[in-house]
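Engineer: Just start.cif, nothing more (mmCIF, C-alpha atoms):
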data_target
loop_
_atom_site.label_atom_id
_atom_site.label_comp_id
_atom_site.auth_asym_id
_atom_site.auth_seq_id
_atom_site.Cartn_x
_atom_site.Cartn_y
_atom_site.Cartn_z
CA MET A 23 24.46 -44.83 47.72
CA ASN A 24 24.35 -41.01 47.78
CA SER A 25 26.32 -40.73 44.56
CA ALA A 26 23.89 -43.05 42.81
CA LEU A 27 20.98 -40.95 44.10
CA TYR A 28 22.64 -37.72 42.90
CA GLY A 29 23.29 -39.28 39.51
CA LEU A 30 19.64 -40.29 39.26
CA VAL A 31 18.49 -36.75 40.20
CA VAL A 32 20.80 -35.11 37.62
CA TYR A 33 19.61 -37.56 34.97
CA GLY A 34 15.97 -36.95 35.93
CA VAL A 35 16.33 -33.15 35.79
CA GLY A 36 17.78 -33.39 32.30
CA CYS A 37 14.72 -35.32 31.24
CA VAL A 38 12.27 -32.82 32.78
CA ILE A 39 13.65 -29.64 31.17
CA PRO A 40 11.85 -29.27 27.84
CA THR A 41 13.74 -28.28 24.72
CA PRO A 42 12.88 -24.84 23.36
CA LEU A 43 10.07 -24.75 20.84
CA ASP A 44 11.09 -24.07 17.28
CA GLN A 45 10.66 -20.39 16.65
CA THR A 46 9.22 -19.20 13.38
CA GLN A 47 11.70 -17.53 11.09
CA GLN A 48 11.14 -13.79 10.81
CA THR A 49 11.63 -12.21 7.42
CA PRO A 50 14.47 -9.69 7.59
CA ASN A 51 13.52 -6.06 7.01
CA TYR A 52 15.28 -4.78 3.92
CA SER A 53 15.77 -1.07 3.35
CA PRO A 54 13.78 0.67 0.64
CA VAL A 55 16.03 2.17 -2.02
CA PHE A 56 15.34 4.92 -4.55
CA VAL A 57 15.67 3.66 -8.12
CA THR A 58 17.59 6.75 -9.15
CA SER A 59 17.51 5.91 -12.85
CA GLN A 60 13.68 6.09 -12.77
CA VAL A 61 13.14 9.08 -10.44
CA GLN A 62 12.07 12.12 -12.47
CA PRO A 63 13.53 14.66 -12.48
CA ARG A 64 16.79 12.89 -11.70
CA PHE A 65 18.45 13.70 -8.39
CA GLY A 66 21.17 16.35 -8.70
CA PRO A 67 21.05 19.87 -10.19
CA LEU A 68 17.51 21.06 -10.94
CA GLY A 69 16.37 24.28 -12.57
CA PRO A 70 16.39 27.14 -12.76
CA LEU A 71 12.68 27.19 -12.02
CA SER A 72 10.39 30.21 -11.72
CA GLN A 73 8.38 30.81 -8.55
CA SER A 74 5.13 29.78 -10.24
CA GLN A 75 6.45 26.83 -12.24
CA LEU A 76 4.73 23.56 -11.31
CA LEU A 77 6.98 20.54 -11.28
CA SER A 78 5.84 16.92 -11.48
CA ILE A 79 8.11 14.64 -9.45
CA THR A 80 7.95 10.89 -10.00
CA MET A 81 9.35 8.81 -7.15
CA VAL A 82 10.32 5.17 -7.76
CA ALA A 83 11.71 2.96 -5.01
CA SER A 84 12.37 -0.72 -4.54
CA ASP A 85 11.78 -2.79 -1.41
CA ALA A 86 12.27 -6.55 -1.18
CA ASN A 87 9.64 -6.72 1.59
CA LEU A 88 6.54 -6.82 -0.60
CA ASP A 89 4.18 -6.22 2.36
CA ASP A 90 5.83 -2.91 3.32
CA THR A 91 3.88 0.28 2.61
CA LEU A 92 6.40 2.85 1.40
CA GLN A 93 5.99 6.58 2.01
CA ALA A 94 8.07 9.34 0.46
CA ARG A 95 8.38 12.80 1.97
CA LEU A 96 10.06 16.01 0.76
CA PHE A 97 12.25 18.23 2.94
CA GLU A 98 14.37 21.33 2.51
CA LEU A 99 17.76 21.52 4.17
CA ILE A 100 17.72 24.78 6.17
CA ASN A 101 20.60 25.63 8.52
CA GLY A 102 21.66 21.97 8.66
CA THR A 103 18.17 20.68 9.52
CA LEU A 104 15.71 18.85 7.29
CA VAL A 105 12.47 20.85 7.37
CA ALA A 106 9.33 19.17 6.01
CA THR A 107 7.73 20.82 2.98
CA GLY A 108 4.33 19.33 3.87
CA GLN A 109 4.50 16.90 0.96
CA THR A 110 4.12 13.15 1.66
CA THR A 111 2.95 10.44 -0.72
CA THR A 112 2.47 6.68 -0.65
CA LEU A 113 4.45 4.68 -3.19
CA ASN A 114 2.22 1.97 -4.64
CA PRO A 115 3.22 -1.24 -6.42
CA ILE A 116 3.60 -0.73 -10.15
CA VAL A 117 0.80 -2.68 -11.84
CA PRO A 118 1.58 -4.70 -13.84
CA ALA A 119 4.85 -5.16 -12.03
CA GLY A 120 6.57 -6.87 -14.95
CA ASP A 121 9.69 -8.65 -13.86
CA ASP A 122 10.23 -6.68 -10.64
CA ALA A 123 7.45 -6.85 -8.05
CA THR A 124 9.59 -4.83 -5.61
CA LEU A 125 9.12 -1.54 -7.52
CA ARG A 126 6.81 1.15 -6.06
CA LEU A 127 5.68 4.41 -7.67
CA GLY A 128 4.31 7.71 -6.38
CA GLY A 129 4.58 11.39 -7.10
CA PHE A 130 4.22 15.03 -6.22
CA GLU A 131 3.19 18.11 -8.17
CA LEU A 132 4.24 21.42 -6.67
CA ALA A 133 5.97 24.75 -7.26
CA LEU A 134 9.26 24.13 -5.45
CA CYS A 135 10.44 27.73 -5.89
CA ALA A 136 7.23 29.38 -4.64
CA GLY A 137 8.17 32.08 -2.14
CA LYS A 138 11.90 31.60 -2.64
CA ALA A 139 14.26 34.44 -3.48
CA PRO A 140 15.34 34.82 -7.12
CA ALA A 141 18.82 33.49 -7.96
CA SER A 142 18.80 31.28 -4.85
CA ILE A 143 19.93 27.68 -4.37
CA HIS A 144 17.97 25.23 -2.19
CA TYR A 145 18.65 21.62 -1.24
CA ILE A 146 15.47 19.56 -1.51
CA TYR A 147 15.67 16.08 0.02
CA ALA A 148 13.45 13.09 -0.66
CA VAL A 149 13.20 10.38 2.01
CA VAL A 150 11.51 7.02 1.39
CA ALA A 151 10.51 5.01 4.48
CA ASP A 152 9.17 1.49 4.89
CA ARG A 153 7.33 2.01 8.20
CA GLY A 154 5.99 5.53 7.79
CA PHE A 155 7.27 8.58 9.64
CA GLN A 156 7.01 9.30 13.38
CA SER A 157 5.05 12.53 12.86
CA PRO A 158 3.68 14.69 10.01
CA THR A 159 6.90 16.74 9.89
CA SER A 160 9.51 14.17 10.92
CA SER A 161 12.23 12.58 8.81
CA VAL A 162 12.56 9.83 11.45
CA VAL A 163 11.04 6.48 10.50
CA SER A 164 8.57 4.79 12.87
CA GLY A 165 9.43 1.61 14.76
CA ASN A 166 12.32 -0.37 13.38
CA GLY A 167 11.77 1.07 9.94
CA LEU A 168 14.44 1.82 7.39
CA SER A 169 14.83 4.61 4.85
CA ASP A 170 16.79 5.95 1.90
CA THR A 171 17.58 9.58 1.15
CA ASN A 172 18.65 11.55 -1.90
CA HIS A 173 18.38 15.19 -3.02
CA TRP A 174 18.20 17.86 -5.67
CA GLU A 175 20.13 21.11 -5.80
CA LEU A 176 17.32 23.45 -6.77
CA SER A 177 18.03 26.73 -8.54
CA CYS A 178 15.24 29.33 -8.41
CA MET A 179 14.99 32.37 -10.72
#
Written as structure tokens, that's how I'd like the structure from this file.

Structural biologist:
Amino acid sequence: MNSALYGLVVYGVGCVIPTPLDQTQQTPNYSPVFVTSQVQPRFGPLGPLSQSQLLSITMVASDANLDDTLQARLFELINGTLVATGQTTTLNPIVPAGDDATLRLGGFELALCAGKAPASIHYIYAVVADRGFQSPTSSVVSGNGLSDTNHWELSCM
């Protein structure tokens, strides 16, 4: 009799425990990537530039997550640390997007060699982030954000 009662209890408990609700599928977060063939000037050697020479930089990145707001920030590598130059821009969807709605565009205009010693070499890094940056001078992306990095080897005269 007891075994029949235990069997009934085990069967009844199995019927009472609800199955988990179907969870909505989350879209994976894809990393933004610089489209190096469209960044101007191209990453790599740059210059020589004079201290007063203004340079227009065009940043182009791609991100499969169309709702992400991409930001690009410039840094200089000084003693092994990325130091913010104070330049940040939002990369906006290219309108019309043509065949690739993932492309984003933004830019900077600045004198990269201003205040730099003549005949000096500087490593200028660009970082694109899909969740913004943790602070106005940080290269660290907020939240679970992702980023891409590339650089120029700047020669000043």

Engineer: Since I can't run it myself right now, could you work out what the PyMOL selection byres ((chain A and resi 108) around 12) selects here and report it as a short mmCIF file (atom, residue, chain, number, x, y, z; two decimals) with C-alpha atoms, in the frame of the given file?

Structural biologist:
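Saved file part-v4.cif follows:
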data_model
loop_
_atom_site.label_atom_id
_atom_site.label_comp_id
_atom_site.auth_asym_id
_atom_site.auth_seq_id
_atom_site.Cartn_x
_atom_site.Cartn_y
_atom_site.Cartn_z
CA ALA A 94 8.07 9.34 0.46
CA ARG A 95 8.38 12.80 1.97
CA LEU A 96 10.06 16.01 0.76
CA PHE A 97 12.25 18.23 2.94
CA GLU A 98 14.37 21.33 2.51
CA LEU A 104 15.71 18.85 7.29
CA VAL A 105 12.47 20.85 7.37
CA ALA A 106 9.33 19.17 6.01
CA THR A 107 7.73 20.82 2.98
CA GLN A 109 4.50 16.90 0.96
CA THR A 110 4.12 13.15 1.66
CA THR A 111 2.95 10.44 -0.72
CA PHE A 130 4.22 15.03 -6.22
CA LEU A 132 4.24 21.42 -6.67
CA LEU A 134 9.26 24.13 -5.45
CA ALA A 148 13.45 13.09 -0.66
CA SER A 157 5.05 12.53 12.86
CA PRO A 158 3.68 14.69 10.01
CA THR A 159 6.90 16.74 9.89
CA SER A 160 9.51 14.17 10.92
CA SER A 161 12.23 12.58 8.81
#

Engineer: Counting only C-alpha atoms, figure out which residue out of A:Leu88, A:Leu68, A:Val61, A:Ala133 gets nearest to Trp174 (chain A).

Structural biologist: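 Of the candidates, the smallest distance to Trp174 (chain A) is held by A:Leu68.
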
Engineer: Considering all atoms listed in the file, can you say which of A:Gln93, A:Ile100, A:Tyr145, A:Leu113 comes closest to Val162 (chain A)?

Structural biologist: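 Of A:Gln93, A:Ile100, A:Tyr145, A:Leu113, the one nearest Val162 (chain A) is A:Gln93, counting all atoms listed in the file.
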
Engineer: Expand the PyMOL selection byres ((chain A and resi 137) around 12) into the individual residues it matches in the shown file, reporting them as a PyMOL selection string.

Structural biologist: chain A and resi 71-75+133-136+138-140+142+144+178-179

Engineer: For the selection just defined, write its residues with C-alpha atoms to a file, as a PDB file, in the frame of the given file.

Structural biologist:
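Output below, filename part.pdb:
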ATOM      1  CA  LEU A  71      12.680  27.190 -12.020  1.00  0.00           C
ATOM      2  CA  SER A  72      10.390  30.210 -11.720  1.00  0.00           C
ATOM      3  CA  GLN A  73       8.380  30.810  -8.550  1.00  0.00           C
ATOM      4  CA  SER A  74       5.130  29.780 -10.240  1.00  0.00           C
ATOM      5  CA  GLN A  75       6.450  26.830 -12.240  1.00  0.00           C
ATOM      6  CA  ALA A 133       5.970  24.750  -7.260  1.00  0.00           C
ATOM      7  CA  LEU A 134       9.260  24.130  -5.450  1.00  0.00           C
ATOM      8  CA  CYS A 135      10.440  27.730  -5.890  1.00  0.00           C
ATOM      9  CA  ALA A 136       7.230  29.380  -4.640  1.00  0.00           C
ATOM     10  CA  LYS A 138      11.900  31.600  -2.640  1.00  0.00           C
ATOM     11  CA  ALA A 139      14.260  34.440  -3.480  1.00  0.00           C
ATOM     12  CA  PRO A 140      15.340  34.820  -7.120  1.00  0.00           C
ATOM     13  CA  SER A 142      18.800  31.280  -4.850  1.00  0.00           C
ATOM     14  CA  HIS A 144      17.970  25.230  -2.190  1.00  0.00           C
ATOM     15  CA  CYS A 178      15.240  29.330  -8.410  1.00  0.00           C
ATOM     16  CA  MET A 179      14.990  32.370 -10.720  1.00  0.00           C
TER      17      MET A 179
END

Engineer: Could you state the separation of CA of Asp121 (chain A) and CA of Asp85 (chain A) in Å, given to one decimal place?

Structural biologist: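 Between these atoms lies a distance of 13.9 Å.
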
Engineer: Counting all atoms listed in the file, which of A:Leu127, A:Ile116, A:Ala86, A:Met81 gets nearest to His173 (chain A)?

Structural biologist: A:Met81

Engineer: Between A:Val82, A:Asn87, A:Asp170, A:Gln60, which has the minimum distance to Gln48 (chain A) (counting only C-alpha atoms)?

Structural biologist: A:Asn87

Engineer: Take CA of Phe65 (chain A) and CA of Asp89 (chain A) and report the distance between them in Å, one decimal.

Structural biologist: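 Calculated distance between CA of Phe65 (chain A) and CA of Asp89 (chain A) is 26.8 Å.
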
Engineer: Find the residue from A:Leu77, A:Ser164, A:Arg153, A:Tyr147 that sits nearest to Ser53 (chain A); use all atoms listed in the file when measuring.

Structural biologist: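 With all atoms listed in the file as the atom set, the closest residue is A:Arg153.
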
Engineer: Residue by residue, what does the PyMOL selection byres ((chain A and resi 91) around 6) grab here? Present the result as a PDB file with C-alpha atoms, in the frame of the given file.

Structural biologist:
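Contents of part00.pdb, as written:
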ATOM      1  CA  ASP A  90       5.830  -2.910   3.320  1.00  0.00           C
ATOM      2  CA  LEU A  92       6.400   2.850   1.400  1.00  0.00           C
ATOM      3  CA  ASP A 152       9.170   1.490   4.890  1.00  0.00           C
TER       4      ASP A 152
END

Engineer: What's the separation between CA of Leu76 (chain A) and CA of Val163 (chain A), in Å to one decimal place?

Structural biologist: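 Between these atoms lies a distance of 28.4 Å.
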
Engineer: Give me the residues near Ser84 (chain A) as a list in words, where near means some atom within 10 Å (using all atoms listed in the file) and where sequence neighbours in that chain fewer than 4 positions away do not count.

Structural biologist: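 Contacts, in chain order: Tyr52, Ser53, Pro54, Val55, Phe56, Val57, Leu88, Leu92, Leu113, Pro115, Asp122, Ala123, Thr124, Leu125, Arg126, Leu127 and Val150 of chain A.
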
Engineer: Check the smallest atom-to-atom distance from each of A:Ala151, A:Ile146, A:Pro63, A:Thr58 to Gly165 (chain A) using all atoms listed in the file, then report the winner.

Structural biologist: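 Comparing A:Ala151, A:Ile146, A:Pro63, A:Thr58 against Gly165 (chain A), the winner is A:Ala151.
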
Engineer: Some atoms are absent from region 134-152 of chain A, so rebuild N, CA and C atoms and return them as a short mmCIF file (atom, residue, chain, number, x, y, z; two decimals), keeping the file's coordinate frame.

Structural biologist:
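The file below, rebuild.cif, is the result:
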data_model
loop_
_atom_site.label_atom_id
_atom_site.label_comp_id
_atom_site.auth_asym_id
_atom_site.auth_seq_id
_atom_site.Cartn_x
_atom_site.Cartn_y
_atom_site.Cartn_z
N LEU A 134 8.19 24.18 -6.44
CA LEU A 134 9.26 24.13 -5.45
C LEU A 134 9.87 25.50 -5.14
N CYS A 135 9.82 26.42 -6.10
CA CYS A 135 10.44 27.73 -5.89
C CYS A 135 9.46 28.79 -5.37
N ALA A 136 8.22 28.41 -5.13
CA ALA A 136 7.23 29.38 -4.64
C ALA A 136 7.73 30.01 -3.34
N GLY A 137 7.76 31.34 -3.32
CA GLY A 137 8.17 32.08 -2.14
C GLY A 137 9.67 32.13 -1.90
N LYS A 138 10.44 31.60 -2.81
CA LYS A 138 11.90 31.60 -2.64
C LYS A 138 12.52 32.77 -3.41
N ALA A 139 13.59 33.29 -2.88
CA ALA A 139 14.26 34.44 -3.48
C ALA A 139 14.81 34.09 -4.86
N PRO A 140 14.74 35.05 -5.80
CA PRO A 140 15.34 34.82 -7.12
C PRO A 140 16.85 34.57 -6.98
N ALA A 141 17.39 33.81 -7.91
CA ALA A 141 18.82 33.49 -7.96
C ALA A 141 19.29 32.79 -6.68
N SER A 142 18.42 31.99 -6.08
CA SER A 142 18.80 31.28 -4.85
C SER A 142 18.93 29.78 -5.12
N ILE A 143 19.72 29.12 -4.28
CA ILE A 143 19.93 27.68 -4.37
C ILE A 143 19.33 27.04 -3.11
N HIS A 144 18.62 25.93 -3.30
CA HIS A 144 17.97 25.23 -2.19
C HIS A 144 18.23 23.73 -2.35
N TYR A 145 18.42 23.07 -1.24
CA TYR A 145 18.65 21.62 -1.24
C TYR A 145 17.37 20.93 -0.80
N ILE A 146 16.74 20.24 -1.75
CA ILE A 146 15.47 19.56 -1.51
C ILE A 146 15.76 18.07 -1.41
N TYR A 147 15.40 17.49 -0.26
CA TYR A 147 15.67 16.08 0.02
C TYR A 147 14.39 15.27 -0.09
N ALA A 148 14.52 14.07 -0.64
CA ALA A 148 13.45 13.09 -0.66
C ALA A 148 13.87 11.94 0.25
N VAL A 149 12.96 11.51 1.11
CA VAL A 149 13.20 10.38 2.01
C VAL A 149 12.10 9.36 1.76
N VAL A 150 12.48 8.11 1.52
CA VAL A 150 11.51 7.02 1.39
C VAL A 150 11.66 6.13 2.62
N ALA A 151 10.52 5.78 3.24
CA ALA A 151 10.51 5.01 4.48
C ALA A 151 9.60 3.80 4.34
N ASP A 152 9.99 2.70 4.99
CA ASP A 152 9.17 1.49 4.89
C ASP A 152 8.21 1.28 6.06
#
